[in-house]
file final_4.txt (compact mmCIF, C-alpha atoms)
# COMPACT_ATOMS: atom_id res chain seq x y z
CA MET A 3 -5.93 -18.02 0.12
CA ILE A 4 -4.66 -14.48 0.56
CA LEU A 5 -6.57 -11.36 -0.44
CA SER A 6 -4.05 -8.66 -1.35
CA LEU A 7 -4.96 -4.98 -1.81
CA PHE A 8 -2.62 -2.28 -3.10
CA LEU A 9 -3.40 1.37 -3.84
CA ARG A 10 -1.09 3.16 -6.29
CA ASN A 11 -1.70 6.62 -7.75
CA LYS A 12 -4.89 6.21 -9.79
CA GLU A 13 -4.91 2.41 -9.55
CA PHE A 14 -6.36 -0.14 -7.15
CA HIS A 15 -4.58 -3.51 -7.46
CA VAL A 16 -6.28 -6.66 -6.19
CA SER A 17 -5.36 -10.34 -6.18
CA CYS A 18 -6.78 -13.43 -4.54
CA GLY A 19 -6.05 -16.93 -5.75
CA GLU A 20 -6.69 -17.01 -9.50
CA PHE A 21 -8.27 -13.55 -9.53
CA GLU A 22 -6.01 -10.60 -10.38
CA HIS A 23 -7.18 -7.19 -11.48
CA ILE A 24 -6.12 -3.56 -11.69
CA TYR A 25 -8.91 -1.00 -11.48
CA LYS A 26 -8.02 2.41 -12.95
CA VAL A 27 -9.51 5.87 -12.65
CA THR A 28 -8.66 8.99 -14.64
CA GLU A 29 -8.58 11.41 -11.68
CA SER A 30 -7.19 10.48 -8.28
CA ARG A 31 -10.27 11.95 -6.56
CA GLU A 32 -12.42 9.34 -8.28
CA MET A 33 -10.74 6.57 -6.31
CA ALA A 34 -12.53 7.37 -3.04
CA ASP A 35 -15.89 7.32 -4.84
CA ASN A 36 -15.26 4.11 -6.76
CA ILE A 37 -13.32 1.88 -4.40
CA PRO A 38 -16.42 0.38 -2.68
CA PHE A 39 -17.68 -0.71 -6.14
CA PHE A 40 -14.25 -2.07 -7.10
CA LEU A 41 -14.09 -4.09 -3.89
CA LYS A 42 -17.63 -5.42 -4.29
CA GLU A 43 -16.83 -6.54 -7.84
CA THR A 44 -13.68 -8.22 -6.52
CA LEU A 45 -15.51 -10.09 -3.77
CA ASP A 46 -18.11 -11.22 -6.33
CA HIS A 47 -15.28 -13.04 -8.18
CA ILE A 48 -13.73 -14.81 -5.20
CA ASP A 49 -14.83 -17.04 -2.38
CA PHE A 50 -14.09 -14.73 0.55
CA SER A 51 -14.80 -17.54 3.02
CA LYS A 52 -11.65 -19.36 1.78
CA CYS A 53 -9.38 -16.39 2.58
CA SER A 54 -7.15 -16.75 5.62
CA LYS A 55 -5.29 -13.46 5.39
CA VAL A 56 -5.70 -9.93 4.03
CA ILE A 57 -2.52 -8.12 2.98
CA PHE A 58 -2.76 -4.41 2.30
CA SER A 59 -0.50 -1.50 1.43
CA SER A 60 0.01 0.42 4.67
CA GLY A 61 1.84 3.47 3.29
CA PRO A 62 3.57 5.76 3.54
CA ALA A 63 1.34 7.48 1.02
CA SER A 64 -0.52 10.69 0.41
CA PHE A 65 -3.16 11.64 2.98
CA THR A 66 -6.07 10.66 0.70
CA THR A 67 -4.54 7.34 -0.32
CA ALA A 68 -3.81 6.46 3.31
CA ARG A 69 -7.35 7.33 4.40
CA ILE A 70 -8.92 5.28 1.58
CA MET A 71 -6.91 2.16 2.40
CA ASN A 72 -7.38 2.64 6.14
CA SER A 73 -11.17 2.87 5.75
CA LEU A 74 -11.32 -0.04 3.33
CA VAL A 75 -9.35 -2.40 5.55
CA LYS A 76 -11.18 -1.43 8.73
CA GLY A 77 -14.48 -2.14 6.95
CA LEU A 78 -13.19 -5.56 5.90
CA LYS A 79 -12.03 -6.22 9.46
CA ILE A 80 -15.55 -5.56 10.75
CA SER A 81 -17.06 -7.99 8.23
CA ALA A 82 -14.39 -10.67 8.71
CA PRO A 83 -12.92 -10.32 12.22
CA ASN A 84 -11.34 -13.80 12.21
CA LEU A 85 -8.93 -13.07 9.34
CA ASP A 86 -5.30 -12.04 9.81
CA PHE A 87 -4.59 -8.54 8.51
CA TRP A 88 -1.04 -7.65 7.49
CA GLY A 89 -0.04 -4.11 6.63
CA ILE A 90 2.97 -4.14 4.33
CA SER A 91 4.91 -0.95 3.69
CA ASN A 92 4.79 0.29 0.11
CA PHE A 93 8.58 0.48 0.31
CA LEU A 94 8.86 -3.30 0.61
CA THR A 95 6.63 -3.83 -2.41
CA TYR A 96 8.64 -1.41 -4.54
CA LEU A 97 11.91 -2.81 -3.16
CA TYR A 98 10.97 -6.31 -4.34
CA ILE A 99 10.94 -5.05 -7.93
CA ALA A 100 13.68 -2.41 -7.65
CA SER A 101 16.19 -4.88 -6.17
CA GLN A 102 15.87 -7.03 -9.28
CA HIS A 103 17.27 -4.09 -11.27
CA ASN A 104 19.82 -2.70 -8.78
CA SER A 105 21.55 -4.10 -5.69
CA GLU A 106 21.50 -0.66 -4.09
CA GLY A 107 19.82 2.69 -4.57
CA SER A 108 16.88 4.52 -3.07
CA ILE A 109 13.11 4.60 -3.45
CA ALA A 110 10.94 7.72 -3.21
CA LEU A 111 7.18 7.99 -2.83
CA PRO A 112 5.57 11.43 -3.39
CA THR A 113 3.72 13.01 -0.46
CA MET A 114 1.67 15.25 -2.80
CA ARG A 115 3.12 18.28 -0.96
CA GLY A 116 6.11 18.58 -3.27
CA ASP A 117 8.45 16.37 -1.24
CA TYR A 118 8.98 12.62 -0.92
CA PHE A 119 9.06 9.74 1.54
CA TYR A 120 12.52 8.35 0.91
CA ALA A 121 14.45 5.23 1.91
CA ALA A 122 17.80 3.94 0.69
CA PHE A 123 18.31 0.21 0.08
CA SER A 124 21.36 -1.99 -0.16
CA GLU A 125 21.26 -5.76 -0.68
CA LYS A 126 17.48 -5.73 -0.04
CA LYS A 127 17.82 -3.95 3.31
CA LEU A 128 16.00 -0.62 3.74
CA SER A 129 17.19 2.37 5.74
CA ASP A 130 14.85 4.38 7.94
CA ILE A 131 12.27 6.50 6.12
CA GLU A 132 13.08 10.18 5.74
CA ILE A 133 11.41 13.09 3.96
CA PHE A 134 13.35 14.85 1.21
CA SER A 135 12.59 17.55 -1.32
CA ASP A 136 15.74 17.04 -3.47
CA LEU A 137 16.48 13.57 -4.81
CA ASN A 138 19.63 12.20 -6.41
CA GLN A 139 19.82 10.55 -9.83
CA ASN A 140 19.89 7.01 -8.43
CA THR A 141 16.46 7.37 -6.86
CA ILE A 142 13.67 5.12 -8.12
CA LEU A 143 10.29 6.86 -8.05
CA ASP A 144 7.04 4.94 -7.77
CA SER A 145 6.13 6.46 -11.15
CA ASN A 146 9.13 4.83 -12.89
CA GLU A 147 8.38 2.58 -15.83
CA ILE A 148 9.77 -0.53 -14.10
CA PHE A 149 6.59 -0.64 -12.01
CA ASP A 150 4.20 -0.23 -14.95
CA ASN A 151 1.93 -3.10 -15.99
CA ILE A 152 2.68 -4.99 -12.77
CA ASN A 153 -0.08 -5.97 -10.39
CA MET A 154 1.51 -4.80 -7.13
CA SER A 155 -0.94 -6.83 -5.05
CA THR A 156 0.62 -10.04 -6.41
CA ILE A 157 4.04 -8.71 -5.35
CA GLN A 158 2.68 -8.08 -1.84
CA GLU A 159 1.41 -11.65 -1.76
CA LYS A 160 4.89 -12.96 -2.66
CA LEU A 161 6.38 -10.82 0.09
CA SER A 162 4.51 -12.70 2.80
CA ASP A 163 6.99 -15.58 2.33
CA ASP A 164 10.05 -13.67 1.11
CA ASN A 165 13.39 -12.92 2.79
CA ILE A 166 12.85 -9.18 2.18
CA VAL A 167 10.28 -9.21 4.98
CA LYS A 168 12.66 -11.06 7.31
CA MET A 169 15.39 -8.50 6.60
CA ASN A 170 13.02 -5.54 7.17
CA PRO A 171 10.68 -6.64 9.98
CA ASN A 172 9.79 -3.07 11.02
CA TYR A 173 8.17 -2.54 7.59
CA ILE A 174 5.40 -5.07 8.22
CA GLN A 175 2.88 -5.28 11.04
CA ASN A 176 0.37 -7.99 11.86
CA SER A 177 -2.37 -5.65 12.97
CA LEU A 178 -4.37 -2.60 12.00
CA ASP A 179 -2.58 -0.48 14.63
CA ILE A 180 -0.45 1.19 11.98
CA ASN A 181 0.72 4.76 11.64
CA TYR A 182 -0.61 5.71 8.21
CA GLY A 183 1.87 8.42 7.31
CA PHE A 184 0.19 11.74 7.93
CA THR A 185 -3.27 10.53 8.91
CA PRO A 186 -4.38 12.78 11.80
CA GLU A 187 -5.97 11.58 14.99
CA TYR A 188 -9.46 13.02 15.14
CA LYS A 189 -10.51 14.08 18.61
CA SER A 190 -14.05 14.82 19.61
CA THR A 191 -14.61 18.05 21.48
CA PRO A 192 -17.46 18.49 23.91
CA THR A 193 -20.36 20.58 22.71
CA VAL A 194 -20.89 23.71 24.81
CA HIS A 195 -24.51 24.74 25.24
CA ARG A 196 -25.14 28.38 26.04

call {"tool": "encode", "arguments": {"input": "final_4.txt", "output": "structure tokens"}}
result
Amino acid sequence: MILSLFLRNKEFHVSCGEFEHIYKVTESREMADNIPFFLKETLDHIDFSKCSKVIFSSGPASFTTARIMNSLVKGLKISAPNLDFWGISNFLTYLYIASQHNSEGSIALPTMRGDYFYAAFSEKKLSDIEIFSDLNQNTILDSNEIFDNINMSTIQEKLSDDNIVKMNPNYIQNSLDINYGFTPEYKSTPTVHR
């Protein structure tokens, strides 16, 4: 079985075997407070010992979203070190759905600073990620209605065996050593005693 975790705006999407759920909050700041409870409720519904792999959304995303997912997955890794952990780019998950509507176009994910992570796609192949402030009319935003009422974690799960991954190998990594967008590297500084 695969445990799949996806964080989108004010929603935490989870799937594992027969269990699928979308947890929603009204304010994005509530997500950090509630995600441990959401995950505990999820693990109460599934047999975690039967999981062989954890798939998670690895960004790019806003700073807060990236930190929440990073912390969540690292905590799971500590409790289940024998599982495989796959970080799948949000672009691949959105591409899976967007490519069913258009053979080419572009996808944009807001950075929460007024600009967007942006990647063009053609025949299910993504270009390199760039940052743009102005978007053209053919751009699909992650807030578009085509993504509504879809559990994105189930899409991630399908991606693990899909050709989209084979065509975009640099958008998936089999480890937790992932650059989470704008997550800073915290460095400890020595304390100076006077």

call {"tool": "closest_residue", "arguments": {"input": "final_4.txt", "among": "A:Asp86, A:Glu43, A:Glu13, A:Asp144", "to": "Lys55 of chain A", "atoms": "all atoms listed in the file"}}
result
A:Asp86

call {"tool": "residues_around", "arguments": {"input": "final_4.txt", "residues": "Phe14 of chain A", "least_positions_apart": "2", "cutoff": "10 Å", "atoms": "all atoms listed in the file", "output": "list of chain:residue names"}}
result
A:Leu7, A:Phe8, A:Leu9, A:Arg10, A:Asn11, A:Lys12, A:Val16, A:His23, A:Ile24, A:Tyr25, A:Lys26, A:Val27, A:Met33, A:Asn36, A:Ile37, A:Phe40, A:Leu41, A:Met71, A:Asn153, A:Met154, A:Ser155

call {"tool": "residues_around", "arguments": {"input": "final_4.txt", "residues": "Ser105 of chain A", "least_positions_apart": "3", "cutoff": "6 Å", "atoms": "all atoms listed in the file", "output": "PDB file with C-alpha atoms, in the coordinates of the input"}}
result
ATOM      1  CA  SER A 101      16.190  -4.880  -6.170  1.00  0.00           C
ATOM      2  CA  SER A 124      21.360  -1.990  -0.160  1.00  0.00           C
ATOM      3  CA  GLU A 125      21.260  -5.760  -0.680  1.00  0.00           C
TER       4      GLU A 125
END

call {"tool": "closest_residue", "arguments": {"input": "final_4.txt", "among": "A:Ser91, A:Lys76, A:Ser108, A:Leu85", "to": "Ser162 of chain A", "atoms": "all atoms listed in the file"}}
result
A:Ser91

call {"tool": "atom_distance", "arguments": {"input": "final_4.txt", "atom1": "atom CA of Pro83 of chain A", "atom2": "atom CA of Phe50 of chain A"}}
result
12.5 Å

call {"tool": "atom_distance", "arguments": {"input": "final_4.txt", "atom1": "atom CA of Lys126 of chain A", "atom2": "atom CA of Leu161 of chain A"}}
result
12.2 Å

call {"tool": "residues_around", "arguments": {"input": "final_4.txt", "residues": "Ser135 of chain A", "least_positions_apart": "2", "cutoff": "8 Å", "atoms": "all atoms listed in the file", "output": "list in words"}}
result
Gly116, Asp117, Tyr118, Ile133 and Leu137 of chain A

call {"tool": "closest_residue", "arguments": {"input": "final_4.txt", "among": "A:Phe149, A:Ile90, A:Pro112, A:Gly77", "to": "Phe134 of chain A", "atoms": "only C-alpha atoms"}}
result
A:Pro112

call {"tool": "closest_residue", "arguments": {"input": "final_4.txt", "among": "A:Pro62, A:Ile70, A:Glu20, A:Ser6", "to": "Asp35 of chain A", "atoms": "all atoms listed in the file"}}
result
A:Ile70

call {"tool": "closest_residue", "arguments": {"input": "final_4.txt", "among": "A:Ser129, A:Asn104, A:Asn151, A:Thr66", "to": "Pro171 of chain A", "atoms": "all atoms listed in the file"}}
result
A:Ser129

call {"tool": "atom_distance", "arguments": {"input": "final_4.txt", "atom1": "atom CA of Val56 of chain A", "atom2": "atom CA of Lys168 of chain A"}}
result
18.7 Å

call {"tool": "closest_residue", "arguments": {"input": "final_4.txt", "among": "A:Ala121, A:Ala100, A:Cys18, A:Ile174", "to": "Ile148 of chain A", "atoms": "all atoms listed in the file"}}
result
A:Ala100
